Every structure is written in structure tokens, then in C-alpha cells.
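Asks: Take this structure, written in C-alpha cells, and hold onto it; I'll ask about it next.
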Amino acid sequence: MPSITMIIIGLVQVLVILGLAPLLTGIIRKTKARTQKRIGASILQPYYDLLKLVQKDEIVSDQTSWIFRVCPWVNFAAMATAAFFIPVFLIYTPFGLVGDLLLVVGLFALGRFFTMLAGLDVASSFGGLGSSREMMISALLEPALFLSIFVVAITYGGTNLSTLIGASSNASFLPHPQIIFAAIGLFIIILGETGRLPFDNPATHLELTMVHETMILEYSGKSLALMEWSQSIKQIILFTLMVNIFVPWGISSSVLLQSLAVGFLTFIGKISLFGIFVAFSESSVAKWRLFRIPDLITIAIATSMIGIVLCYL
Amino acid sequence: MFSNLVLFQISILIFLGGALVGLLLRNNRFTRHAIFGSAMLGSVFTIMFSIGVITGKPMTWMIPNVIPFFDLEIFVDGVAAFFLLIVGIVSFAVSAYSIGYSKEYQVKKRTMALGFLFNVFILSMVLVVASNNAFFFLLFWEVMSLTSFFLVIYDHDKEENIKSGMTYLVMTHLGTAFIFASFLLGYIQTGSFSFDSFRHGSTGFPLLVKNLVFIFALVGFGTKAGMVPLHVWLPKAHPSAPSNVSALMSAVMIKIGIYGMIRTIFDFSGFGTSPDFAWWGMLLIAFGSASAIIGVLYAVVERDIKRALAFSSIENIGIILIGLGLSVVFASFQLTAFAVLALVASMYHTINHAVFKGLLFMGAGSVVSVTHTKNIEHLGGLVKQMPWTALLFLIGAISISGLPPFNGFISEWFTMQSLLSSYQIPSTILQISIAFASLPFALTIGIATATFVKLFGMTFLSKARSKYAMNIKEVPRSMILGMSILAAICVLFGVVPYLGTSLISTAFHMHSQPSSPFDSMAIQNSSGTSFANLSMPVVVIMLSSVSIAIFGFIRVLSGNTKKTKYGTWDCGFGSLNERMEYTPTSLSQPIRAVFKVFFRPHNQTEKESFGENPYLLKTIKIETAIKNIFEDLLYTPIVSSFVFFFDKVRRLQTGKINAYLLYIMVTLVLLLLFVRLSNNA
């Protein structure tokens, strides 16, 4: 059994993820606004939005069933549970004994499953459209994600995230060439999973380009708040994985207060930088046509496969 | 307490009794209760004795010379008992379901034949698994094939069903021929039809014979299991049968094929732990990956709910075969711990698939029995009228999509971990091939989720798209009961994987984890640190406590808010109706477009416009169809060449007496010559 201190630190890591998720969204939005020569809203705006939405009355479509109503809760529970297994500023999380990276992926899929059903439940063509596109994208992202996990897991000896990040933080700078390929693959997958350009435009309300937004179009009030919040939790989890696996510098390897503080600050720094990077990359590409997205995913699959071959050669 | 043997004999007698009742009783109100009640009771005894065998000692029973030269040998060890347990559990649930379900057939006065065949079918599956002699194995195998054939053509007033039945009959006998060949090789080598002599003698077979035994068994049992490319009968036969029978066939009967494969590979083929046998595993992985991906691709574009489920059975058989193949590869390199892991993955998926596919077929049967259509284009909105069926079908759908915290996730997690463990194999080429095999595996899981979003969403959610789906009622309680039993097992085996792993490891006499219900399943890597951990009970506790916490948190933040019901947003145009919804075909259109190389879709559009302007359309008609490449490219040429050949042979049959006399003469002369020549030599 892990000690009480460990469990407390583990819970703090979970709260950091849940709490900082909207902030990351705010940073990305702000950066995008600045690259477009707009001032943009404050980086705290997502928090105000959530608070405002929670306090509003809800309008629910009369076509919907209980699936539509439970979907935001299932989504949030799945994402928040996934947050338990992620080492954030310490290389270790006591909940690593409970679940691994594959469980995190499974919980994401559970959330997505219910979101797609909710899109169908409202009986409008918008919802169906979103679900239909999401079905294709998620079906193709699954193998890409598994293959890049394959590379990382074999290189660092585990899908247990504590083992994985522990091994990567001990490794010297770029020890394995396959890691570069896994990083490229995972970066593309993260753009797809979080619904960013060129897969999906999170800022749009145009039926030609929407994917995720169409499925949650009918939500309002606290249901919408939950959906938005869980989406940003998913985003911060994936970003955290990316920075902690591939750039593990500064992550604390002991429970000393000093190194924890360093770990926390570097985490904030790394994740914001990565968010700014994603925002810049988003500003410089256009949305791809839906049927060109498989090409992009194929690139992710191909790089991961090169990574696998490099693992063994 | 009765001994296992007595329980076994009682269960046989009860099934026989149920069959006789079906044959003898007049059709009255209680016939179906008697018939399916005895099937339920028989299943209970099957469950009891198989649990007895798993926890206790193997069971043997022998009646010498039942038929001259052949002894009826019954031998149930842990492996057989594991499969008998699957037969028992699913048959119990399906029999309960059938009490309500067969009401529809009672109107047509044919419950009796259904009951007879149903009981004999379950009995034959029990006996196939239990028999320990090639002759009786094949005999019961044939009974199983024939009763299921008659059940497939049960609704024989539909031309289509007869055709499916015929495809099934031909394919299943093709498979039987290969199984026969495999056993004959054993007979030639050992001089006995008893499985015991195969078991003891097989290690001494020459390598070529071992390989041939494996290949024949793979083809033979693979046909029954629905392995690609021998699967063509499955998507035809399973949808044609009444839904309770489809549930039994898809959930249990194809597993008997897996049972045969395991028996032959590990018991009768002289499989040894040497790298010579690694290619067996690779072959299984190759066929498994092909079955998985092809099955799921056809499932996702299918509009017939039962046929989609049948294709998904092919997919799941593929996943089972991948696990089995990995286990063979690991075993041949003497990586015992990983061979155990992969075998647990495969067997866990076997029992999972039996449970959720039985559940889903029963759910589909409920939908079909109230709406009278299998086409999901015509359905929609059933969740409000059939809340229980919808909930249970959803549990099945989540399980089969491999999502936590239900049972499908556990077996897929094990399979993924076995794939990842392939880095331990000391052969680079095998490592890389297995890593690449994980691509079709992961793609399969992704598309399977899409398939069940489509099947559940299009059947139960949004608005009804036709009159079929309106004004219907929930199915009777016995049907709900049958489905609930399997749904409960889906949840139980997902939340407490200890149940499944300990069942499998006791049955197969292996050491496996976890050692207690709350222990986490752990895999170690080569340096001794933890490779992966999973503890589902804790995950479920986390999920529920997070839900409660967030519910409270939002409640405190929001204060008092109202919920208003209003129409779906219609962009201000008004009158949103069911014709504007996405249909199943349009929902899976992007996937069809991405895999168009594979589906070869054929689209035809006819437009009729008002006058000159091509944009003002009066009518538009779009036809779309996809090709079944296996039938078109593999089976059609073979069948047509056979037809061509036998057309030529028919010329011999002139109908004239003198010609026939000539044939007899020629044959006689040839035979005499043959005798003469062979005597000389």
C-alpha cells in the first residue's frame, strides 16, 4: 500500500489536472487571438464561462432520452477518473497500481461513445453529422494511438505510467531514435483527439467543418459546462502525457517539498509552452477536408510503425 | 451431493426429455413452458457439473461397444468443463428468453418442432465437448450441425432462408471433412479412435504429420468458428435462424470450433515447446487479424441488425484467434508466463463474447419480434417504448466495444498486453510481424465501437423512421429475464475480473493473477518493475466517487436551476421531421468512403429536374451497394467451375439402358484388370 503522503500527493495531482484544464484552454485561445491580431479574452475566461453556464437554466430537447441526460456525467466521470493515472509533477502516482495508459485510452473511448450516442439522440441532422464524422475519425485514431503507445511502452518498459515516465526521466537526452517517431505520431493523434485544426475547428459554428461541436449542440446550462470541462480535461491529460513522456525535464523524482515545487513550476511552464505551440500550429494550418483526414492519420500510423521497426533493429 | 457423473447423466436425460416433450405433446398453452423449462433445468445441471469438474477432478465415463468396435467414451477435464460452463450459462439465459420469444411461433403452431430441435441442439453441443473418441465426437458434431441447419431453415416459407441454410450445410460439411481428415491422421498413426491414444501417441508423430494434423484442424474447426475466408455461411445462417437460435449459434456453437482447435493444438497434434511450431501461432494470428478486420468492416456498413451482429461474431472470433496464436508463439519459445497471459486473454474473450453476443442477439430478437423488421433503416426511437431492452442492449454494446468498466475491456486489455509482450520473443522478424498485427487489432476495436454506436443509436435513439417502430410494446418479462442474466454477467466479469481469471486458470491448471478480488492484475517487465497494472474494482469505485463528487460540486455551484423541455433546434425553419435525420447508411458513409478500396461501393444516381435548370430537382434516386469480395472473388469462381464440371459429367447420364450396361461392363473389365495387376505386384 502506498503511504498517506503519496496518496495525498496523488490527489493533488488530480486536482491540478482538473483545476488547470480550463486555464490551458484559455491560454490556447489567447495565443490564437494574438496571432490573429486580436486582443482576445482573458486567459481566465473559460472559468467564467463554466461558472456562468452552471448557473443557467437548461433547455432539453423533447426528443431526447436518458442517454442524452447521463452523457455529460459519464463523460466527466470518465475524464476525471483518467486524470488519476497521470503523473503530473511527480514521476509517480500511487494510482498507477490501479490503471495504466490503456485504461486511460479506454476511458476516453467510453466518453466518446456516449457523446456520439448523445449526438444521435437529439434527432436532428446536425447531431447525426457530428457522430458520423466522429465515428470515422475515432475509428482511425484508435490504431494510430495504440501503435504509438506500443513504441513508447516497449522502449520504456511499461504501459504503467509511473514506470513509463520514470524510465523516460532517467534516460539521457534522446537515447532512442524511435522516440522521435512516436512523438510525431502522438502529436498528430493529440490534435485529432482534442478536436484541433486541421481535424476539427473548435471555434467554428459552420456545419461544413464542425465535428465535436455538432454533437454537443443541443446541450445548455450545466450539461454544457460539464461537456466543455471534460473536453478540456481530456486535452490537458493528453498534453501532460506528451510533455512528461517526451520532455521529462524538471519533473520531480522525490517527495521533497523543494523538488515538488520545481516540478510543479516546470510543469506549468512546459504545458503552457506546449499549448502556445499548438495554438501557433493551429493558426498556421487550414482545416483539412474531411476525407483528407485519413491521410494525416496514416502519417501518424506510418511514423509509429517506423518507430516499432527501430525498436527492434 | 450427487457426483459430477450423475449430474451429467441427469442433464442429458432432461434435455432428451425436453426434446421428447416437444415431439409428443400437443400444442397447448404450456407446451413452451415445458420445453424451454426443461432446457433451462438441463442447463442448470450442466453448469453444476462443469463447476464441479473445474473445482474438482476430471470426469470419465465409458460404455464399451455401444456400437460394435466403438466405445462411448466421455471425458470432461477442466478445459472441456470451461466450454461446457459457457454452453450451460448461455443456454440457460436463452431458454428463459425463449419462453416468451416462442409465443410468436405458437400462433403458427410450430413450437413443438422448435422445442425438439432446440433441446437436441444444446444436448449435442454438450456431448461434442464431452466426448473422448473421434467417432462419437464426429457423430455428435454432425448432430449439432444438422439440428442447427434445421433451425436455420425454421422459417422455411422464405426462399432466402432456405438458400442460407444450404450454404451453411455445404460449408459445415466441408469443415467436417477436414476434421475427419485430421482425426484419420491420428488414427493411422496410433491405430485407435480414442482421444486418449491421440493424447499419448501424438508426441511421437513425425513433424510432417503434426503439421498436417494442425492444418486440417485449423481449416475444419475454423469453418465452424467462422474464420475468414471460411466465414461465408455465418452472416447468412445466423440472421436466418429464429433469434433465440441465432443467440445460441453465435454465442456458443462457434465457440465449439474454438474448443476443437484448442484440443487439437495442445492435445492431439504433438505440439511441443520448440520454435518449429512458432509458425502455427503466426498462422493463427494472421487468420485472426484477417477475420477481425474483415468481420468488423462488413459489420459497420450493415443495415440488417442481425447480420451486423453475425459479422461482429466473425470479428470477435478473430480476436480470440489472435490471443490463441500469441499463446502458441509464446509457448513455442518457452515463454510460459506470457503464453498463460495470452491464453487467458483468448479464453476471457471467448466467455465474454459468448455472454455479450448472446445478450445482443436476444436484444435484436426482441426488437425484431415487436417491429417485424430487421432493417435498422426502418427503426429508431425505441428507447422510449422499450426501455428495458434498450438498457440491456446498451450494456451489451458497451461491453462488445471494449469499453471500461464492462467485460469486453478486460479481455481486450489482456490481448493488448499480450501483443505488447511480444518484445520478449527472441526473433526480430516475429517481433515486428506481431507488432504489425496489432494494427488490424486496434483498428478493429475502433471500428467495433463505431459499429455499436450505429446499431444502438439507429435502433433505439432519435425519432422513429417508419411505422414499424411506432406503437410497440416492451417484450414479455421472461425475455427481459433472459437478457438480464447475461447483462449481469457482463457487468460482473468487467468489475471483478478476478472471477474470470480464476475460473480460467483453475480450468486450465495455470497460475494466473490476481490472487484475490481486489488485487490488481500485474505484468512485470524484463527488469522486474511493473509493466502494467489494472484493478477494475478500484476503477469502478473511482468512477462512482468522482460522479458523486462532481454531482455535489455542480449542485452547490448552480444553486436552483430549472430544466425546460423544448423542441430540438431546427435552425428556425420549423417542422424538423424524421426524414431529415441521419440514416444508418449515411451514418457509416464516411467509413465506407475511407475503405472504398475494400468495399468497392457501387453508386448510381438518377436525377429528374424541372425543365432546363439542372438544380431544380423533381426527384432524385440514389442506389448504393457494396460488394462482398469473398463471395465474388473466391467462392463464385469455385462454385461455377464445379457447376461447369458436373454439367460435363451429366453427359454420361444419357437415360438409355444400353449405355448404362456398357458402363457396367467397362467398370467390370477395369476392376478385373486392377485385381489382376495388383496380384502380380
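Ligands are numbered from 1 in the order shown, residues from 1 within each chain, and chains are lettered A, B, ... in the order they appear in the C-alpha cells.
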May I have the residues within 8 Å of region 600-602 of chain B as JSON, numbers by chain, using only C-alpha atoms and disregarding those fewer than 4 positions away in the same chain?

Replies: {"B": [592, 596, 623, 624, 625, 626, 627]}

Asks: Using N, CA and C atoms, can you export the residues from the last selection as a compact mmCIF listing (two decimals), in the first residue's frame?

Replies:
```txt
# COMPACT_ATOMS: atom_id res chain seq x y z
N ARG B 592 -17.36 4.05 -45.01
CA ARG B 592 -17.44 3.34 -46.29
C ARG B 592 -16.55 4.02 -47.33
N LYS B 596 -13.02 2.43 -49.30
CA LYS B 596 -13.72 2.10 -50.54
C LYS B 596 -12.95 1.08 -51.38
N GLU B 623 -28.85 4.90 -55.69
CA GLU B 623 -28.71 3.49 -55.35
C GLU B 623 -27.29 3.23 -54.92
N THR B 624 -27.12 2.49 -53.85
CA THR B 624 -25.76 2.18 -53.46
C THR B 624 -25.69 0.73 -52.98
N ALA B 625 -24.64 0.08 -53.36
CA ALA B 625 -24.49 -1.31 -52.94
C ALA B 625 -23.01 -1.56 -52.73
N ILE B 626 -22.68 -2.47 -51.85
CA ILE B 626 -21.27 -2.81 -51.69
C ILE B 626 -21.07 -4.26 -52.07
N LYS B 627 -19.84 -4.56 -52.44
CA LYS B 627 -19.53 -5.91 -52.89
C LYS B 627 -19.06 -6.75 -51.72
```

Asks: Would you mind listing, for every residue of chain B within 7 Å of chain A, the two atoms forming the shortest contact and the distance between them in Å to one decimal, using only C-alpha atoms, sorted by chain and ascending residue number, as CSV?

Replies:
```
residue,atom,partner,partner_atom,distance
B:Leu403,CA,A:Leu110,CA,5.6
B:Pro404,CA,A:Gly106,CA,6.1
B:Leu420,CA,A:Phe150,CA,6.5
B:Thr428,CA,A:Tyr312,CA,6.3
B:Ile432,CA,A:Val309,CA,6.4
B:Leu439,CA,A:Pro143,CA,5.6
B:Ala442,CA,A:Pro143,CA,4.5
B:Leu443,CA,A:Pro143,CA,4.8
B:Gly446,CA,A:Ala139,CA,4.0
B:Ile447,CA,A:Ala139,CA,4.9
B:Ala450,CA,A:Met135,CA,5.2
B:Val453,CA,A:Leu117,CA,6.3
B:Gly457,CA,A:Leu117,CA,5.8
B:Leu461,CA,A:Asp121,CA,5.0
B:Ser462,CA,A:Ala123,CA,4.3
B:Lys463,CA,A:Ala123,CA,5.9
B:Ser520,CA,A:Val98,CA,6.5
B:Asn525,CA,A:Gly157,CA,6.1
B:Ser530,CA,A:Thr163,CA,6.6
B:Phe531,CA,A:Gly158,CA,3.8
B:Ala532,CA,A:Asn160,CA,4.5
B:Asn533,CA,A:Leu97,CA,5.3
B:Leu534,CA,A:Gly99,CA,4.5
B:Ser535,CA,A:Val98,CA,4.7
B:Val538,CA,A:Val98,CA,6.6
B:Val539,CA,A:Val98,CA,6.7
B:Met542,CA,A:Thr81,CA,6.3
B:Leu543,CA,A:Ala77,CA,5.7
B:Val546,CA,A:Ala77,CA,5.8
B:Ser547,CA,A:Ala77,CA,5.3
B:Leu557,CA,A:Val54,CA,6.9
B:Ser558,CA,A:Gln55,CA,4.4
B:Gly559,CA,A:Gln55,CA,6.9
B:Thr561,CA,A:Asp57,CA,5.0
B:Lys562,CA,A:Asp57,CA,4.9
B:Lys563,CA,A:Glu58,CA,4.7
B:Thr564,CA,A:Ile59,CA,4.7
B:Lys565,CA,A:Val60,CA,5.0
B:Tyr566,CA,A:Ser61,CA,5.0
B:Gly567,CA,A:Ser61,CA,5.0
B:Thr568,CA,A:Ser61,CA,4.9
B:Met580,CA,A:Ser125,CA,5.9
B:Glu581,CA,A:Ser125,CA,4.7
B:Tyr582,CA,A:Gly128,CA,5.2
B:Leu587,CA,A:Ser132,CA,4.7
B:Ser588,CA,A:Ser132,CA,6.3
B:Pro590,CA,A:Met136,CA,6.1
B:Ile591,CA,A:Met136,CA,5.4
```

Asks: Find the residues around region 332-334 of chain B up to 10 Å (only C-alpha atoms counted), leave out those fewer than 2 positions away in its own chain, and share them as a list in words.

Replies: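 Counting only C-alpha atoms, the residues come to Phe271, Gly272, Thr273, Ser274, Pro275, Asp276, Phe277, Ala278, Trp279, Trp280, Gly281, Leu326, Ser327, Val328, Val329, Phe330, Thr336, Ala337, Phe338, Ala339, Gln424, Ile425, Pro426 and Ser427 of chain B.
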
Asks: I want to know what sits within 9 Å of region 220-226 of chain B, based on only C-alpha atoms, with residues of the same chain fewer than 5 positions away left out; could you give that as JSON, numbers by chain?

Replies: {"B": [171, 172, 173, 174, 175, 176, 177, 178, 179, 180, 181, 182, 215, 231, 232, 233, 234, 253, 254, 255, 256, 257, 258, 259, 260, 261, 291, 313, 314, 317, 318]}

Asks: What does the structure give for the distance between CA of Val16 (chain A) and CA of Ser168 (chain A), in Å to one decimal?

Replies: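 Straight-line distance from CA of Val16 (chain A) to CA of Ser168 (chain A) works out to 21.9 Å.
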
Asks: If I take CA of Pro87 (chain A) and CA of Glu228 (chain A), how far is one from the other in Å, to one decimal?

Replies: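 Between CA of Pro87 (chain A) and CA of Glu228 (chain A) the gap is 23.0 Å.
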
Asks: Quick one: everything within 7 Å of Phe268 (chain B), counting only C-alpha atoms, minus sequence neighbours fewer than 4 positions away in the same chain. Send it as an NGL selection string.

Replies: :B and (198-199 or 202 or 263-264)

Asks: Can those selected residues be exported to a file as a PDB file, in the first residue's frame so that it contains N, CA and C atoms?

Replies:
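What ended up in result-v8.pdb:
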```pdb
ATOM      1  N   PHE B 198      -4.607 -40.612 -28.950  1.00  0.00           N
ATOM      2  CA  PHE B 198      -4.050 -39.435 -29.656  1.00  0.00           C
ATOM      3  C   PHE B 198      -3.160 -38.654 -28.698  1.00  0.00           C
ATOM      4  N   ARG B 199      -3.699 -38.490 -27.462  1.00  0.00           N
ATOM      5  CA  ARG B 199      -3.024 -37.664 -26.482  1.00  0.00           C
ATOM      6  C   ARG B 199      -1.642 -38.223 -26.165  1.00  0.00           C
ATOM      7  N   SER B 202       0.673 -38.649 -29.700  1.00  0.00           N
ATOM      8  CA  SER B 202       0.911 -37.565 -30.660  1.00  0.00           C
ATOM      9  C   SER B 202       2.329 -37.003 -30.598  1.00  0.00           C
ATOM     10  N   ARG B 263      -8.213 -28.144 -28.348  1.00  0.00           N
ATOM     11  CA  ARG B 263      -7.985 -29.567 -28.096  1.00  0.00           C
ATOM     12  C   ARG B 263      -6.931 -30.118 -29.051  1.00  0.00           C
ATOM     13  N   THR B 264      -7.142 -29.853 -30.348  1.00  0.00           N
ATOM     14  CA  THR B 264      -6.237 -30.447 -31.322  1.00  0.00           C
ATOM     15  C   THR B 264      -4.831 -29.879 -31.161  1.00  0.00           C
TER      16      THR B 264
END
```
